[in-house]
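What follows is the content of target00.pdb (PDB, C-alpha atoms).
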MODEL        1
ATOM      1  CA  MET A   1      76.049 107.644  83.940  1.00  0.00           C
ATOM      2  CA  ALA A   2      77.036 106.447  87.439  1.00  0.00           C
ATOM      3  CA  GLY A   3      79.496 104.001  85.860  1.00  0.00           C
ATOM      4  CA  LEU A   4      81.139 106.808  83.913  1.00  0.00           C
ATOM      5  CA  VAL A   5      81.439 108.942  87.039  1.00  0.00           C
ATOM      6  CA  ALA A   6      82.945 106.020  88.995  1.00  0.00           C
ATOM      7  CA  ALA A   7      85.429 105.318  86.189  1.00  0.00           C
ATOM      8  CA  ALA A   8      86.400 108.994  86.021  1.00  0.00           C
ATOM      9  CA  LEU A   9      86.948 109.076  89.792  1.00  0.00           C
ATOM     10  CA  LEU A  10      89.120 105.959  89.621  1.00  0.00           C
ATOM     11  CA  VAL A  11      91.230 107.403  86.795  1.00  0.00           C
ATOM     12  CA  ALA A  12      91.531 110.764  88.586  1.00  0.00           C
ATOM     13  CA  GLY A  13      92.508 109.007  91.809  1.00  0.00           C
ATOM     14  CA  ALA A  14      95.172 106.940  90.053  1.00  0.00           C
ATOM     15  CA  GLY A  15      96.799 110.080  88.708  1.00  0.00           C
ATOM     16  CA  ALA A  16      96.651 111.901  92.033  1.00  0.00           C
ATOM     17  CA  GLY A  17      98.848 109.845  94.296  1.00  0.00           C
ATOM     18  CA  CYS A  18      97.283 106.394  93.992  1.00  0.00           C
ATOM     19  CA  SER A  19      94.016 106.926  95.797  1.00  0.00           C
ATOM     20  CA  ALA A  20      90.508 105.562  95.582  1.00  0.00           C
ATOM     21  CA  LYS A  21      87.251 106.027  97.462  1.00  0.00           C
ATOM     22  CA  ALA A  22      84.289 103.784  98.093  1.00  0.00           C
ATOM     23  CA  ALA A  23      80.967 105.369  97.315  1.00  0.00           C
ATOM     24  CA  SER A  24      79.051 104.211 100.365  1.00  0.00           C
ATOM     25  CA  GLY A  25      77.533 107.419 101.681  1.00  0.00           C
ATOM     26  CA  PRO A  26      78.236 108.554 105.238  1.00  0.00           C
ATOM     27  CA  GLY A  27      80.398 105.493 105.931  1.00  0.00           C
ATOM     28  CA  SER A  28      82.692 106.188 102.999  1.00  0.00           C
ATOM     29  CA  ILE A  29      86.207 104.789 103.010  1.00  0.00           C
ATOM     30  CA  ALA A  30      89.161 106.304 101.138  1.00  0.00           C
ATOM     31  CA  ALA A  31      92.519 104.631 100.502  1.00  0.00           C
ATOM     32  CA  THR A  32      95.725 106.464  99.530  1.00  0.00           C
ATOM     33  CA  ALA A  33      99.527 106.206  99.406  1.00  0.00           C
ATOM     34  CA  ALA A  34      99.631 102.494  98.508  1.00  0.00           C
ATOM     35  CA  TYR A  35     102.856 100.760  97.650  1.00  0.00           C
ATOM     36  CA  ILE A  36     104.176  97.218  97.461  1.00  0.00           C
ATOM     37  CA  GLN A  37     107.800  96.267  97.989  1.00  0.00           C
ATOM     38  CA  LEU A  38     109.290  94.375  95.058  1.00  0.00           C
ATOM     39  CA  PRO A  39     109.282  90.699  96.090  1.00  0.00           C
ATOM     40  CA  THR A  40     112.672  89.156  96.809  1.00  0.00           C
ATOM     41  CA  GLY A  41     111.201  85.649  97.020  1.00  0.00           C
ATOM     42  CA  LYS A  42     107.664  84.292  97.229  1.00  0.00           C
ATOM     43  CA  THR A  43     106.405  86.941  99.656  1.00  0.00           C
ATOM     44  CA  THR A  44     106.287  90.696  99.886  1.00  0.00           C
ATOM     45  CA  VAL A  45     104.589  93.391 101.946  1.00  0.00           C
ATOM     46  CA  GLY A  46     102.164  96.181 101.149  1.00  0.00           C
ATOM     47  CA  TYR A  47     101.440  99.471 102.861  1.00  0.00           C
ATOM     48  CA  LEU A  48      98.730 102.126 102.495  1.00  0.00           C
ATOM     49  CA  ASP A  49      96.535 104.585 104.355  1.00  0.00           C
ATOM     50  CA  ILE A  50      92.815 103.979 104.916  1.00  0.00           C
ATOM     51  CA  ARG A  51      90.577 106.844 106.034  1.00  0.00           C
ATOM     52  CA  ASN A  52      87.080 106.273 107.339  1.00  0.00           C
ATOM     53  CA  ASN A  53      85.249 109.537 106.569  1.00  0.00           C
ATOM     54  CA  GLY A  54      82.017 108.207 108.020  1.00  0.00           C
ATOM     55  CA  VAL A  55      80.322 108.185 111.393  1.00  0.00           C
ATOM     56  CA  ALA A  56      80.302 104.387 111.797  1.00  0.00           C
ATOM     57  CA  ALA A  57      83.255 102.086 112.417  1.00  0.00           C
ATOM     58  CA  ASP A  58      84.170  99.517 109.782  1.00  0.00           C
ATOM     59  CA  GLN A  59      86.688  96.720 109.291  1.00  0.00           C
ATOM     60  CA  LEU A  60      89.038  95.764 106.481  1.00  0.00           C
ATOM     61  CA  VAL A  61      88.270  92.058 106.054  1.00  0.00           C
ATOM     62  CA  SER A  62      90.224  91.019 102.953  1.00  0.00           C
ATOM     63  CA  VAL A  63      92.414  92.213 100.097  1.00  0.00           C
ATOM     64  CA  SER A  64      93.013  90.783  96.633  1.00  0.00           C
ATOM     65  CA  THR A  65      95.566  91.796  93.995  1.00  0.00           C
ATOM     66  CA  SER A  66      95.633  92.036  90.215  1.00  0.00           C
ATOM     67  CA  VAL A  67      98.695  89.732  90.267  1.00  0.00           C
ATOM     68  CA  GLY A  68      96.995  86.943  92.212  1.00  0.00           C
ATOM     69  CA  GLY A  69      98.429  85.317  95.272  1.00  0.00           C
ATOM     70  CA  THR A  70      97.144  85.333  98.818  1.00  0.00           C
ATOM     71  CA  VAL A  71      96.966  88.468 100.947  1.00  0.00           C
ATOM     72  CA  ALA A  72      97.105  88.143 104.732  1.00  0.00           C
ATOM     73  CA  LEU A  73      96.255  90.999 107.077  1.00  0.00           C
ATOM     74  CA  ARG A  74      99.090  91.370 109.605  1.00  0.00           C
ATOM     75  CA  ALA A  75      99.268  93.076 113.001  1.00  0.00           C
ATOM     76  CA  PRO A  76     101.745  93.254 115.882  1.00  0.00           C
ATOM     77  CA  ALA A  77     101.263  90.369 118.331  1.00  0.00           C
ATOM     78  CA  SER A  78     101.861  92.691 121.317  1.00  0.00           C
ATOM     79  CA  ALA A  79     102.015  96.472 121.597  1.00  0.00           C
ATOM     80  CA  GLY A  80     105.294  98.086 122.655  1.00  0.00           C
ATOM     81  CA  VAL A  81     107.375  94.898 122.456  1.00  0.00           C
ATOM     82  CA  THR A  82     110.761  94.879 120.697  1.00  0.00           C
ATOM     83  CA  PRO A  83     111.483  93.143 118.419  1.00  0.00           C
ATOM     84  CA  VAL A  84     108.063  93.387 116.815  1.00  0.00           C
ATOM     85  CA  VAL A  85     106.458  89.984 116.290  1.00  0.00           C
ATOM     86  CA  MET A  86     103.679  89.893 113.711  1.00  0.00           C
ATOM     87  CA  ARG A  87     100.556  87.721 113.543  1.00  0.00           C
ATOM     88  CA  THR A  88      97.842  87.189 110.956  1.00  0.00           C
ATOM     89  CA  VAL A  89      94.460  88.706 111.850  1.00  0.00           C
ATOM     90  CA  SER A  90      91.014  88.218 110.329  1.00  0.00           C
ATOM     91  CA  SER A  91      90.301  91.958 110.095  1.00  0.00           C
ATOM     92  CA  ILE A  92      91.692  95.417 110.801  1.00  0.00           C
ATOM     93  CA  ASP A  93      89.456  97.895 112.616  1.00  0.00           C
ATOM     94  CA  ILE A  94      88.846 101.192 110.805  1.00  0.00           C
ATOM     95  CA  PRO A  95      87.213 103.454 113.434  1.00  0.00           C
ATOM     96  CA  ALA A  96      84.853 106.232 112.325  1.00  0.00           C
ATOM     97  CA  GLY A  97      86.486 109.542 111.467  1.00  0.00           C
ATOM     98  CA  THR A  98      90.052 108.200 111.606  1.00  0.00           C
ATOM     99  CA  LEU A  99      93.065 107.414 109.462  1.00  0.00           C
ATOM    100  CA  VAL A 100      94.569 103.944 109.835  1.00  0.00           C
ATOM    101  CA  GLN A 101      98.070 103.576 108.432  1.00  0.00           C
ATOM    102  CA  LEU A 102      99.310 100.191 107.281  1.00  0.00           C
ATOM    103  CA  VAL A 103     103.050 100.687 107.830  1.00  0.00           C
ATOM    104  CA  PRO A 104     106.174  98.672 108.699  1.00  0.00           C
ATOM    105  CA  ASN A 105     106.101  97.264 112.260  1.00  0.00           C
ATOM    106  CA  SER A 106     102.331  97.758 112.482  1.00  0.00           C
ATOM    107  CA  TYR A 107      99.299  96.722 110.469  1.00  0.00           C
ATOM    108  CA  HIS A 108     100.266  95.795 106.901  1.00  0.00           C
ATOM    109  CA  LEU A 109      99.608  93.352 104.068  1.00  0.00           C
ATOM    110  CA  LEU A 110     101.611  90.155 103.519  1.00  0.00           C
ATOM    111  CA  ILE A 111     101.337  88.975  99.903  1.00  0.00           C
ATOM    112  CA  THR A 112     102.333  85.385  99.088  1.00  0.00           C
ATOM    113  CA  GLY A 113     102.456  83.530  95.772  1.00  0.00           C
ATOM    114  CA  ALA A 114     101.685  86.466  93.460  1.00  0.00           C
ATOM    115  CA  ARG A 115     102.756  86.574  89.815  1.00  0.00           C
ATOM    116  CA  ALA A 116     105.805  88.611  88.835  1.00  0.00           C
ATOM    117  CA  MET A 117     105.817  92.326  89.705  1.00  0.00           C
ATOM    118  CA  ARG A 118     108.037  94.972  88.122  1.00  0.00           C
ATOM    119  CA  ASP A 119     109.730  97.850  89.899  1.00  0.00           C
ATOM    120  CA  GLY A 120     108.043 101.144  89.031  1.00  0.00           C
ATOM    121  CA  LYS A 121     104.817  99.548  87.771  1.00  0.00           C
ATOM    122  CA  ASP A 122     101.412  99.612  89.440  1.00  0.00           C
ATOM    123  CA  ILE A 123      99.288  96.694  90.556  1.00  0.00           C
ATOM    124  CA  GLN A 124      95.698  96.883  91.757  1.00  0.00           C
ATOM    125  CA  LEU A 125      94.596  96.125  95.289  1.00  0.00           C
ATOM    126  CA  THR A 126      90.914  95.531  95.986  1.00  0.00           C
ATOM    127  CA  LEU A 127      90.060  96.197  99.623  1.00  0.00           C
ATOM    128  CA  LYS A 128      86.915  94.573 101.018  1.00  0.00           C
ATOM    129  CA  PHE A 129      85.217  95.923 104.132  1.00  0.00           C
ATOM    130  CA  ALA A 130      82.601  94.564 106.523  1.00  0.00           C
ATOM    131  CA  HIS A 131      80.162  97.387 105.678  1.00  0.00           C
ATOM    132  CA  ALA A 132      81.509  99.823 103.065  1.00  0.00           C
ATOM    133  CA  ALA A 133      81.721  99.111  99.365  1.00  0.00           C
ATOM    134  CA  ALA A 134      84.939  97.560  98.063  1.00  0.00           C
ATOM    135  CA  VAL A 135      87.750  99.968  97.176  1.00  0.00           C
ATOM    136  CA  THR A 136      90.188  99.364  94.318  1.00  0.00           C
ATOM    137  CA  ILE A 137      93.447 101.274  94.499  1.00  0.00           C
ATOM    138  CA  TYR A 138      96.643 101.317  92.437  1.00  0.00           C
ATOM    139  CA  ALA A 139      99.766 100.437  94.408  1.00  0.00           C
ATOM    140  CA  LEU A 140     103.234 101.274  93.104  1.00  0.00           C
ATOM    141  CA  VAL A 141     105.752  98.417  93.167  1.00  0.00           C
ATOM    142  CA  THR A 142     108.999  99.779  94.610  1.00  0.00           C
ATOM    143  CA  ASN A 143     112.492  98.435  95.186  1.00  0.00           C
ATOM    144  CA  PRO A 144     114.061  99.986  98.299  1.00  0.00           C
ATOM    145  CA  GLN A 145     117.470  98.533  97.341  1.00  0.00           C
ATOM    146  CA  ASN A 146     117.757 100.776  94.275  1.00  0.00           C
ATOM    147  CA  GLY A 147     116.261 103.922  95.778  1.00  0.00           C
ATOM    148  CA  GLY A 148     112.622 103.109  95.001  1.00  0.00           C
ATOM    149  CA  ALA A 149     109.914 105.195  96.644  1.00  0.00           C
ATOM    150  CA  SER A 150     109.244 104.716 100.328  1.00  0.00           C
ATOM    151  CA  TYR A 151     106.012 104.910 102.301  1.00  0.00           C
ATOM    152  CA  PHE A 152     107.582 107.673 104.344  1.00  0.00           C
ATOM    153  CA  LEU A 153     108.186 109.777 101.224  1.00  0.00           C
ATOM    154  CA  ASN A 154     104.600 109.524  99.917  1.00  0.00           C
TER     155      ASN A 154
ENDMDL
END
Whole structure given in structure tokens:
Amino acid sequence: MAGLVAAALLVAGAGAGCSAKAASGPGSIAATAAYIQLPTGKTTVGYLDIRNNGVAADQLVSVSTSVGGTVALRAPASAGVTPVVMRTVSSIDIPAGTLVQLVPNSYHLLITGARAMRDGKDIQLTLKFAHAAAVTIYALVTNPQNGGASYFLN
């Protein structure tokens, strides 16, 4: 029965703006508004929102995709510096009761070596946390050059 409920929640979340939620009680994590830019070479970037609805802090520690490849967690090397220089980090803090946005020029995903992606199609991202259960979310592949969806429009 629990498996059916989880599957129904995943399907409902996919149809309601690409969202998913980990069922981990008071420390529950929800992910929404995920999208991946169509790769122009061997790398691309991914963006999404992660909300920690719980009372304890957590950390995003890794991400995998349904199209393979390697996903690096990226963060600005220094706050308030222009141009923004990015660095790879081992985790992204998700404080209790907050929304963390993975957006351009801030925290985001760098995907390298993935199989082919198609504009307008979804891929799956599986987010792994230090404490909460893993979250799988659908991310729309978009092409900004032909008017594809933007993070800022979601």
Would you translate the PyMOL selection byres ((chain A and resi 52-59) around 7) into the concrete set of residues it matches in this file, as an mmCIF file with C-alpha atoms, in the frame of the given file?
data_model
loop_
_atom_site.group_PDB
_atom_site.id
_atom_site.type_symbol
_atom_site.label_atom_id
_atom_site.label_comp_id
_atom_site.auth_asym_id
_atom_site.auth_seq_id
_atom_site.Cartn_x
_atom_site.Cartn_y
_atom_site.Cartn_z
ATOM 1 C CA PRO A 26 78.236 108.554 105.238
ATOM 2 C CA GLY A 27 80.398 105.493 105.931
ATOM 3 C CA SER A 28 82.692 106.188 102.999
ATOM 4 C CA ILE A 29 86.207 104.789 103.010
ATOM 5 C CA ALA A 30 89.161 106.304 101.138
ATOM 6 C CA ILE A 50 92.815 103.979 104.916
ATOM 7 C CA ARG A 51 90.577 106.844 106.034
ATOM 8 C CA LEU A 60 89.038 95.764 106.481
ATOM 9 C CA VAL A 61 88.270 92.058 106.054
ATOM 10 C CA SER A 91 90.301 91.958 110.095
ATOM 11 C CA ILE A 92 91.692 95.417 110.801
ATOM 12 C CA ASP A 93 89.456 97.895 112.616
ATOM 13 C CA ILE A 94 88.846 101.192 110.805
ATOM 14 C CA PRO A 95 87.213 103.454 113.434
ATOM 15 C CA ALA A 96 84.853 106.232 112.325
ATOM 16 C CA GLY A 97 86.486 109.542 111.467
ATOM 17 C CA THR A 98 90.052 108.200 111.606
ATOM 18 C CA LEU A 99 93.065 107.414 109.462
ATOM 19 C CA PHE A 129 85.217 95.923 104.132
ATOM 20 C CA ALA A 130 82.601 94.564 106.523
ATOM 21 C CA HIS A 131 80.162 97.387 105.678
#
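Picked by the PyMOL selection byres ((chain A and resi 112) around 8) from the coordinates shown: Lys42, Thr43, Thr44, Gly69, Thr70, Val71, Leu110, Ile111, Gly113 and Ala114 of chain A.
The closest residue to Thr88 of chain A, picked from A:Asn146, A:Thr136, A:Ser106, A:Gln101 and counting only C-alpha atoms, is A:Ser106.
Interatomic distance, atom CA of Pro83 of chain A against atom CA of Ala34 of chain A: 25.0 Å.
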What gap, in Å, lies between atom CA of Thr32 of chain A and atom CA of Leu140 of chain A? 11.2 Å
Step by step, work through what the PyMOL selection byres ((chain A and resi 121) around 12) selects in the shown file, and finish by giving those residues as a list in words. Cys18, Tyr35, Ile36, Gln37, Leu38, Val67, Ala116, Met117, Arg118, Asp119, Gly120, Asp122, Ile123, Gln124, Tyr138, Ala139, Leu140, Val141, Thr142, Asn143, Gly148 and Ala149 of chain A
Could you take the residues named above and write them with C-alpha atoms, as a PDB file, in the coordinates of the input?
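Output file part_4.pdb is given in full below:
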ATOM      1  CA  CYS A  18      97.283 106.394  93.992  1.00  0.00           C
ATOM      2  CA  TYR A  35     102.856 100.760  97.650  1.00  0.00           C
ATOM      3  CA  ILE A  36     104.176  97.218  97.461  1.00  0.00           C
ATOM      4  CA  GLN A  37     107.800  96.267  97.989  1.00  0.00           C
ATOM      5  CA  LEU A  38     109.290  94.375  95.058  1.00  0.00           C
ATOM      6  CA  VAL A  67      98.695  89.732  90.267  1.00  0.00           C
ATOM      7  CA  ALA A 116     105.805  88.611  88.835  1.00  0.00           C
ATOM      8  CA  MET A 117     105.817  92.326  89.705  1.00  0.00           C
ATOM      9  CA  ARG A 118     108.037  94.972  88.122  1.00  0.00           C
ATOM     10  CA  ASP A 119     109.730  97.850  89.899  1.00  0.00           C
ATOM     11  CA  GLY A 120     108.043 101.144  89.031  1.00  0.00           C
ATOM     12  CA  ASP A 122     101.412  99.612  89.440  1.00  0.00           C
ATOM     13  CA  ILE A 123      99.288  96.694  90.556  1.00  0.00           C
ATOM     14  CA  GLN A 124      95.698  96.883  91.757  1.00  0.00           C
ATOM     15  CA  TYR A 138      96.643 101.317  92.437  1.00  0.00           C
ATOM     16  CA  ALA A 139      99.766 100.437  94.408  1.00  0.00           C
ATOM     17  CA  LEU A 140     103.234 101.274  93.104  1.00  0.00           C
ATOM     18  CA  VAL A 141     105.752  98.417  93.167  1.00  0.00           C
ATOM     19  CA  THR A 142     108.999  99.779  94.610  1.00  0.00           C
ATOM     20  CA  ASN A 143     112.492  98.435  95.186  1.00  0.00           C
ATOM     21  CA  GLY A 148     112.622 103.109  95.001  1.00  0.00           C
ATOM     22  CA  ALA A 149     109.914 105.195  96.644  1.00  0.00           C
TER      23      ALA A 149
END
Considering all atoms listed in the file, return as a count of residues only whatever protein or nucleic-acid residues lie within 7 Å of Ser64 of chain A, sequence-local ones (same chain, fewer than 4 positions apart) excluded. 4
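Atom CA of Ser90 of chain A to atom CA of Tyr107 of chain A spans 11.9 Å [interatomic distance, one decimal].
Minimum atom-to-atom distances from A:Thr40, A:Thr65, A:Asn105, A:Gln145 to Val84 of chain A were compared using only C-alpha atoms, and the lowest value belongs to A:Asn105.
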Counting only C-alpha atoms, the residue of A:Ala72, A:Val89, A:Ala133, A:Ala31 that sits nearest Asp49 of chain A: A:Ala31
